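Before any comments, here is the structure.
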Amino acid sequence: MSQFGWGSTRQPTIGDKIKSMFRNDNEPIDKKAIIALYRVKGSISRINAYIEKLKEKEREYFQEVVESQLNRDEKRAKIYAREVADVRKILKQLYQVQYMLQHVALKLETFLIFHSAGAEMKPVLTIMNQAISLLRQTAPADLWIEIMSAMKELEASMDTSVVDMSMTTDIALDSEARKVYNEAKIIAEQKIKERYAELPSLVGEPETEKTGESSV
């Protein structure tokens, strides 16, 4: 009888690795790292899809701004201009989180390949927590709940914990986490500048303006 019918050329999938790790309890941190990697990559995919939806919404709103100005409807133009600005703020944070989670995934892959010390996961936990904090402000729960679950499992396997950052504004980051956070912020700002047109100057204008000047 054949063992399991596996072909000699078949490469193990993530699912195979997870099953094999649970058949061997020698390295619990490895098990958690594989599951965390799987969940982080899934979250990245969901964030990418959410970004695409928001990009489409931003294009629709911006077109409304343009058309309203062509129709000399300044009030409508301002309403949609503010909507565009709000969407772009969310996109900026999502681009930042996207970069941070890509860094986390790379760190987890490196950890699994080279079997690094478990202590090297501490900066990863900090970055994950910061990503959750940003996502809670701007995105639905299904975009960050898997990351939180993965982080808690890694914490448990390392017998450590990271302070919950979602409820505080002043967050202390270690040097590596701070570097990743700042790099992600710069990249997010660059993406916003490169990909989106400038909003009309009317966005920041006060509501009380040009009273008594409507007649030409």
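Note on naming: chains are A, B, ... as they come in the structure tokens, residues start from 1 per chain, ligands start from 1 in the order shown.
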Long-range neighbours of A:Gln63 as number ranges by chain, 12 Å cut-off, only C-alpha atoms, 4 positions minimum in chain: A: 56-59, 67-70, 76-77, 80-81, 83-84, 197, 199-200
Kindly save the residues from that selection, with C-alpha atoms included, as a compact mmCIF listing (two decimals), in the first residue's frame.
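Here's the written file selection15.txt:
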# COMPACT_ATOMS: atom_id res chain seq x y z
CA GLU A 56 -12.36 53.37 -7.40
CA LYS A 57 -14.41 55.36 -4.89
CA GLU A 58 -11.78 58.12 -4.92
CA ARG A 59 -11.94 58.32 -8.72
CA GLU A 67 -18.25 67.96 -13.00
CA SER A 68 -19.65 70.11 -10.20
CA GLN A 69 -17.11 72.81 -10.93
CA LEU A 70 -17.95 72.67 -14.63
CA ARG A 76 -21.55 70.18 -4.37
CA ALA A 77 -17.91 70.42 -5.44
CA TYR A 80 -17.21 65.75 -2.84
CA ALA A 81 -13.79 67.35 -2.47
CA GLU A 83 -14.98 63.08 0.54
CA VAL A 84 -11.95 62.68 -1.73
CA ALA A 197 -4.34 64.49 -8.77
CA LEU A 199 -7.66 68.66 -5.24
CA PRO A 200 -8.97 72.12 -6.11
Near-A:Glu146 list (12 Å; only C-alpha atoms; drop same-chain fewer than 6 positions) as JSON, numbers by chain: {"A": [35, 36, 37, 38, 39, 40, 41, 42, 43, 44, 45, 46, 47, 128, 129, 131, 132, 135, 140, 152, 153]}
Separation of atom CA of A:Ile29 from atom CA of A:Leu101, in Å and rounded to one decimal: 19.1 Å
Of the listed residues A:Ile34, A:Gln93, A:Ala49, A:Tyr61, that which approaches A:Thr110 most closely, counting only C-alpha atoms: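 Using only C-alpha atoms, A:Thr110 sits closest to A:Ile34.
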Computed interatomic separation between atom CA of A:Leu125 and atom CA of A:Met148 (Å):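 Atom CA of A:Met148 lies at a distance of 9.7 Å from atom CA of A:Leu125.
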Pick from A:Ile90, A:Met121, A:Ala141, A:Ala85, whichever lies nearest to A:Ser157 using only C-alpha atoms: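 Closest residue, counting only C-alpha atoms: A:Met121.
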